[in-house]
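Asker: This is the structure I have questions about; it appears just below.
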Amino acid sequence: MALLGIDLGTSSVKVIVQDTQGRTLSVSKVGYTVMAPQPGWSESDPNEWWSATVSAVQTAIAQVPQAEITAIGLSGQMHGVVLTDEKGLPQRPAMLWADTRAQAELERYRKFPASLRERLANPLVPGMAGPMLCWLAEHEVFSYQKARWALQPKDWLRLRLTGEVATDPSDASATLLYDLQADGWADDIIALLGLKRHLLPPILPSGTIAGRLSAQTAEALSLPVGLPVATGAADTAAAALGTGLFTPGPIQLTLGTGAQLIQLSLKPIADLTGRTHLYRAADGVHWYTMAAVQNAGLALDWVRQMLNVTWDDVYASAAVSPGADGLLFLPYLTRERAHHPSLSSKGAFLGMRIDHRREHLLHAALEGVAFGIRVAFEALPEADKATALRLAGGGSEHPAWRQMLADILNRELLTVDTPAASVRGAALLSGIASGIWADALETTSIAPHTSLIAAPEKGRVAAYNRVYTRYLESINK
Ligand SMILES: Nc1ncnc2c1ncn2[C@@H]1O[C@H](COP(=O)(O)OP(=O)(O)O)[C@@H](O)[C@H]1O
Ligand SMILES: O=C(CO)[C@@H](O)[C@H](O)COP(=O)(O)O
């Protein structure tokens, strides 16, 4: 028996085949495009997601022809919106979390009385389904009026796989349309925003069967018809499950296109400073506090492409001394989230000189992204108490980069022994849905081990602290 996990990330889809002891049998990954057709817009074509998914699933299962897949689980990038017709056909490109076009629509939220804002329990961010639907209703009346569903990315994928429509609490709670106190869609807020309530799907627990593989998709994926497909979870929530994070206390940093720092809690306690998010976890028991960085791998990838270099070139630049000989990079290519002191910050290389070389630019980019992560980390209410961080995500794998992060965050880093946290979480949810484990907590017995992979080195910590002071001065200007 084997489980198939699919994680529809921002830059790529990852697929895992896993046995019921949690051992990875095979993995695959296929990338797709994130488009910026206008300044501040961030979109992807769901049809590209679909062809990438077909190819990644076929690659993963071809590596283990003897594995009998018994269930499928999903996770995916959060917050965005896919407008579809009744059958799941996209009405326009998907709008993603990095999209900032709906800033003016946030004004509608700001006019809500405090009692309503409290129930949303989250800072206002334009790249979330709520504000983006308001934008669509105003600016793309035709596609909004024609739409039958407004879905999260992984929920669109499930509809494509099974023909069934659903979402789960971890994704629904990250739309700015969810009542964290009542634990369901915020019907009165949706009505006040003037949005159509019926666009939003029913909410099912993450670890239940939400549909079965249709004949048409089964053939495309070379999998049996009728395979159960679990509801699944938001990628950050699935990453916590996939790394065996089941208790409040430890802080986990997941580094991909974006970066997320999360800590579980037993109650839905909102951050009164309004700097961090509060969402539902995938285990059905916890909530989690999250500081999310928009400009992480996204900014590194932009620099890499602009300078036409490889990822190896980017990470090799970690060897350049702290401070990159006076060169500073501000990674704010898209508007940051609420933890950031100056939301109008723009991206920049500061202090460029004729003697700077390409490796200085690359090193400054790594530093700038790590400093951005430090700003978010320091916004977490319990950051001071943490002596170590758990590290996961496809953007955290290079040893020299991990060492820079340990030095810049001045924390030990514990790596979780799993190739891809979110997709592993997705596969585990399919096991829970199909009865292999009674609940998320039962998967603790097969949780991956953590081990120390980087410890801060005093001299470099001090050197990076000096550069960080300059960085903070630059973003506060
Ligand atoms: N070939 C590579 N080698 C090393 N790091 C990479 C490579 N490709 C991408 N990355 C890093 O990983 C990030 C993507 O991580 P991943 O977890 O796959 O992202 P997502 O879930 O956002 O699709 C990139 O933004 C970049 O920082
Ligand atoms: O925006 C957030 C969390 O707020 C991310 O969880 C996104 O869902 C993107 O994740 P990656 O694709 O970068 O892993």
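Identifiers in this document derive from the order of the structure tokens: chains are assigned A, B, ..., residues are numbered from 1 separately in each chain, and ligands are numbered from 1 in order of occurrence.
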Excluding same-chain residues fewer than 3 positions from Arg335 (chain A), what lies within 7 Å of it counting only C-alpha atoms, as a list of chain:residue names?

Answerer: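 The contact residues come out as A:Thr100, A:Tyr332, A:Leu343, A:Ser344.
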
Asker: Near Ala427 (chain A), counting only C-alpha atoms, which residues have an atom at most 9 Å away, once you skip same-chain residues fewer than 3 positions from it, shown as a list in words?

Answerer: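 The residues that qualify are Leu3, Leu4, Gly5, Ile6, Ile16, Val17, Gln18, Gly22, Ala71, Ile72, Gly73, Leu74, Ser75, Ala230, Gly232, Gly242, Ser422, Val423, Arg424, Ser430, Gly431 and Ile432 of chain A.
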
Asker: Write a file of the selected residues as a compact mmCIF listing (two decimals), in the first residue's frame, keeping N, CA and C atoms.

Answerer:
# COMPACT_ATOMS: atom_id res chain seq x y z
N LEU A 3 0.88 5.83 -0.54
CA LEU A 3 0.08 7.07 -0.55
C LEU A 3 0.74 8.06 -1.50
N LEU A 4 -0.10 8.82 -2.20
CA LEU A 4 0.43 9.80 -3.14
C LEU A 4 0.09 11.20 -2.63
N GLY A 5 1.11 12.04 -2.46
CA GLY A 5 0.89 13.43 -2.05
C GLY A 5 1.20 14.35 -3.21
N ILE A 6 0.38 15.40 -3.37
CA ILE A 6 0.63 16.41 -4.41
C ILE A 6 0.61 17.78 -3.74
N ILE A 16 4.93 13.11 -4.16
CA ILE A 16 5.65 12.10 -3.39
C ILE A 16 4.84 10.81 -3.40
N VAL A 17 5.56 9.68 -3.47
CA VAL A 17 4.93 8.39 -3.18
C VAL A 17 5.58 7.91 -1.90
N GLN A 18 4.73 7.54 -0.95
CA GLN A 18 5.21 7.25 0.39
C GLN A 18 4.57 5.95 0.86
N GLY A 22 5.68 5.91 6.37
CA GLY A 22 6.16 7.28 6.17
C GLY A 22 7.45 7.35 5.38
N ALA A 71 -4.45 6.00 -1.98
CA ALA A 71 -5.14 7.28 -1.71
C ALA A 71 -4.25 8.45 -2.15
N ILE A 72 -4.91 9.59 -2.38
CA ILE A 72 -4.19 10.82 -2.80
C ILE A 72 -4.51 11.93 -1.80
N GLY A 73 -3.50 12.72 -1.46
CA GLY A 73 -3.71 13.88 -0.58
C GLY A 73 -3.13 15.12 -1.24
N LEU A 74 -3.67 16.28 -0.88
CA LEU A 74 -3.26 17.52 -1.54
C LEU A 74 -2.80 18.58 -0.56
N SER A 75 -1.86 19.40 -1.01
CA SER A 75 -1.60 20.66 -0.30
C SER A 75 -1.31 21.69 -1.39
N ALA A 230 -8.13 12.98 -0.51
CA ALA A 230 -8.41 13.68 0.75
C ALA A 230 -8.59 15.17 0.50
N GLY A 232 -7.20 17.60 2.14
CA GLY A 232 -5.87 18.19 2.13
C GLY A 232 -5.82 19.50 2.89
N GLY A 242 3.69 17.45 8.03
CA GLY A 242 4.70 16.63 7.37
C GLY A 242 6.01 16.55 8.13
N SER A 422 5.68 19.90 2.88
CA SER A 422 4.25 20.08 2.56
C SER A 422 3.69 18.85 1.85
N VAL A 423 4.46 18.33 0.92
CA VAL A 423 3.93 17.21 0.13
C VAL A 423 3.86 15.95 1.00
N ARG A 424 4.76 15.84 1.96
CA ARG A 424 4.67 14.71 2.89
C ARG A 424 3.40 14.85 3.74
N SER A 430 -3.86 11.90 3.24
CA SER A 430 -4.59 10.86 2.49
C SER A 430 -4.62 9.57 3.29
N GLY A 431 -3.58 9.32 4.09
CA GLY A 431 -3.56 8.12 4.95
C GLY A 431 -4.59 8.23 6.07
N ILE A 432 -4.74 9.45 6.61
CA ILE A 432 -5.74 9.65 7.67
C ILE A 432 -7.14 9.48 7.07

Asker: Excluding same-chain residues fewer than 6 positions from Val30 (chain A), what lies within 7 Å of it counting only C-alpha atoms, as a CSV table (one decimal) with C-alpha atoms, in the first residue's frame?

Answerer:
chain,number,residue,atom,x,y,z
A,12,SER,CA,6.4,24.1,-8.9
A,13,VAL,CA,4.2,21.1,-8.2
A,14,LYS,CA,5.9,18.4,-6.0
A,52,ALA,CA,2.7,20.0,-14.6
A,56,ALA,CA,5.0,15.0,-12.0

Asker: Quick one, how far is CA of Trp156 (chain A) from CA of Thr33 (chain A)?

Answerer: 17.3 Å

Asker: Give me the residues within 12 Å of Met306 (chain A) as a list in words, counting only C-alpha atoms and dropping any in the same chain fewer than 4 places off.

Answerer: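 What passes the distance filter is Ala299, Leu300, Asp301, Trp302, Thr310, Val314, Arg358, Leu361, Leu362 and Ala365 of chain A.
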
Asker: Which residues of chain A have any atom within 10 Å of an atom in ligand 2 when counting only C-alpha atoms and all ligand atoms, and what is the closest pair of atoms for each, with the distance in Å to one decimal? Order the rows by chain and rising number and write it as a Markdown table.

Answerer:
| residue | atom | partner | partner_atom_place_in_ligand_line | distance |
| --- | --- | --- | --- | --- |
| A:Asp7 | CA | ligand 2 | 12 (O) | 8.8 |
| A:Leu8 | CA | ligand 2 | 12 (O) | 7.5 |
| A:Gly9 | CA | ligand 2 | 12 (O) | 3.9 |
| A:Thr10 | CA | ligand 2 | 12 (O) | 3.7 |
| A:Ser11 | CA | ligand 2 | 12 (O) | 6.3 |
| A:Ser12 | CA | ligand 2 | 12 (O) | 7.7 |
| A:Val13 | CA | ligand 2 | 12 (O) | 9.0 |
| A:Ser75 | CA | ligand 2 | 8 (O) | 9.3 |
| A:Gly76 | CA | ligand 2 | 8 (O) | 6.4 |
| A:Gln77 | CA | ligand 2 | 8 (O) | 3.1 |
| A:Met78 | CA | ligand 2 | 8 (O) | 3.6 |
| A:His79 | CA | ligand 2 | 1 (O) | 6.5 |
| A:Gly80 | CA | ligand 2 | 8 (O) | 8.3 |
| A:Leu96 | CA | ligand 2 | 7 (C) | 8.6 |
| A:Trp97 | CA | ligand 2 | 1 (O) | 5.6 |
| A:Ala98 | CA | ligand 2 | 1 (O) | 7.4 |
| A:Val125 | CA | ligand 2 | 4 (O) | 9.8 |
| A:Gly127 | CA | ligand 2 | 1 (O) | 8.6 |
| A:Met128 | CA | ligand 2 | 1 (O) | 9.0 |
| A:Gln152 | CA | ligand 2 | 8 (O) | 10.0 |
| A:Pro153 | CA | ligand 2 | 8 (O) | 9.3 |
| A:Asp171 | CA | ligand 2 | 8 (O) | 9.2 |
| A:Ala174 | CA | ligand 2 | 4 (O) | 7.7 |
| A:Ala234 | CA | ligand 2 | 8 (O) | 6.8 |
| A:Asp235 | CA | ligand 2 | 6 (O) | 5.5 |
| A:Thr236 | CA | ligand 2 | 6 (O) | 5.0 |
| A:Ala237 | CA | ligand 2 | 6 (O) | 8.3 |
| A:Ala238 | CA | ligand 2 | 6 (O) | 9.7 |
| A:Ala239 | CA | ligand 2 | 14 (O) | 9.1 |
| A:Thr254 | CA | ligand 2 | 14 (O) | 7.4 |
| A:Leu255 | CA | ligand 2 | 14 (O) | 6.9 |
| A:Gly256 | CA | ligand 2 | 13 (O) | 4.1 |
| A:Thr257 | CA | ligand 2 | 13 (O) | 3.6 |
| A:Gly258 | CA | ligand 2 | 13 (O) | 3.8 |
| A:Ala259 | CA | ligand 2 | 13 (O) | 6.2 |
| A:Gln260 | CA | ligand 2 | 3 (C) | 6.0 |
| A:Leu261 | CA | ligand 2 | 3 (C) | 9.1 |
| A:Ile262 | CA | ligand 2 | 3 (C) | 9.8 |
| A:Thr276 | CA | ligand 2 | 4 (O) | 9.9 |
| A:His277 | CA | ligand 2 | 4 (O) | 8.0 |
| A:Tyr279 | CA | ligand 2 | 4 (O) | 9.7 |
| A:Met290 | CA | ligand 2 | 4 (O) | 7.5 |
| A:Ala291 | CA | ligand 2 | 4 (O) | 7.7 |
| A:Ala292 | CA | ligand 2 | 4 (O) | 5.1 |
| A:Val293 | CA | ligand 2 | 4 (O) | 7.5 |
| A:Gln294 | CA | ligand 2 | 1 (O) | 6.6 |
| A:Asn295 | CA | ligand 2 | 13 (O) | 9.4 |
| A:Ala296 | CA | ligand 2 | 13 (O) | 8.1 |
| A:Gly297 | CA | ligand 2 | 13 (O) | 7.5 |
| A:Leu298 | CA | ligand 2 | 13 (O) | 8.0 |
| A:Arg337 | CA | ligand 2 | 4 (O) | 8.7 |
| A:Gly393 | CA | ligand 2 | 14 (O) | 7.1 |
| A:Gly394 | CA | ligand 2 | 14 (O) | 8.0 |
| A:Gly395 | CA | ligand 2 | 13 (O) | 8.8 |
| A:Ala421 | CA | ligand 2 | 14 (O) | 9.8 |
| A:Ser422 | CA | ligand 2 | 14 (O) | 8.0 |
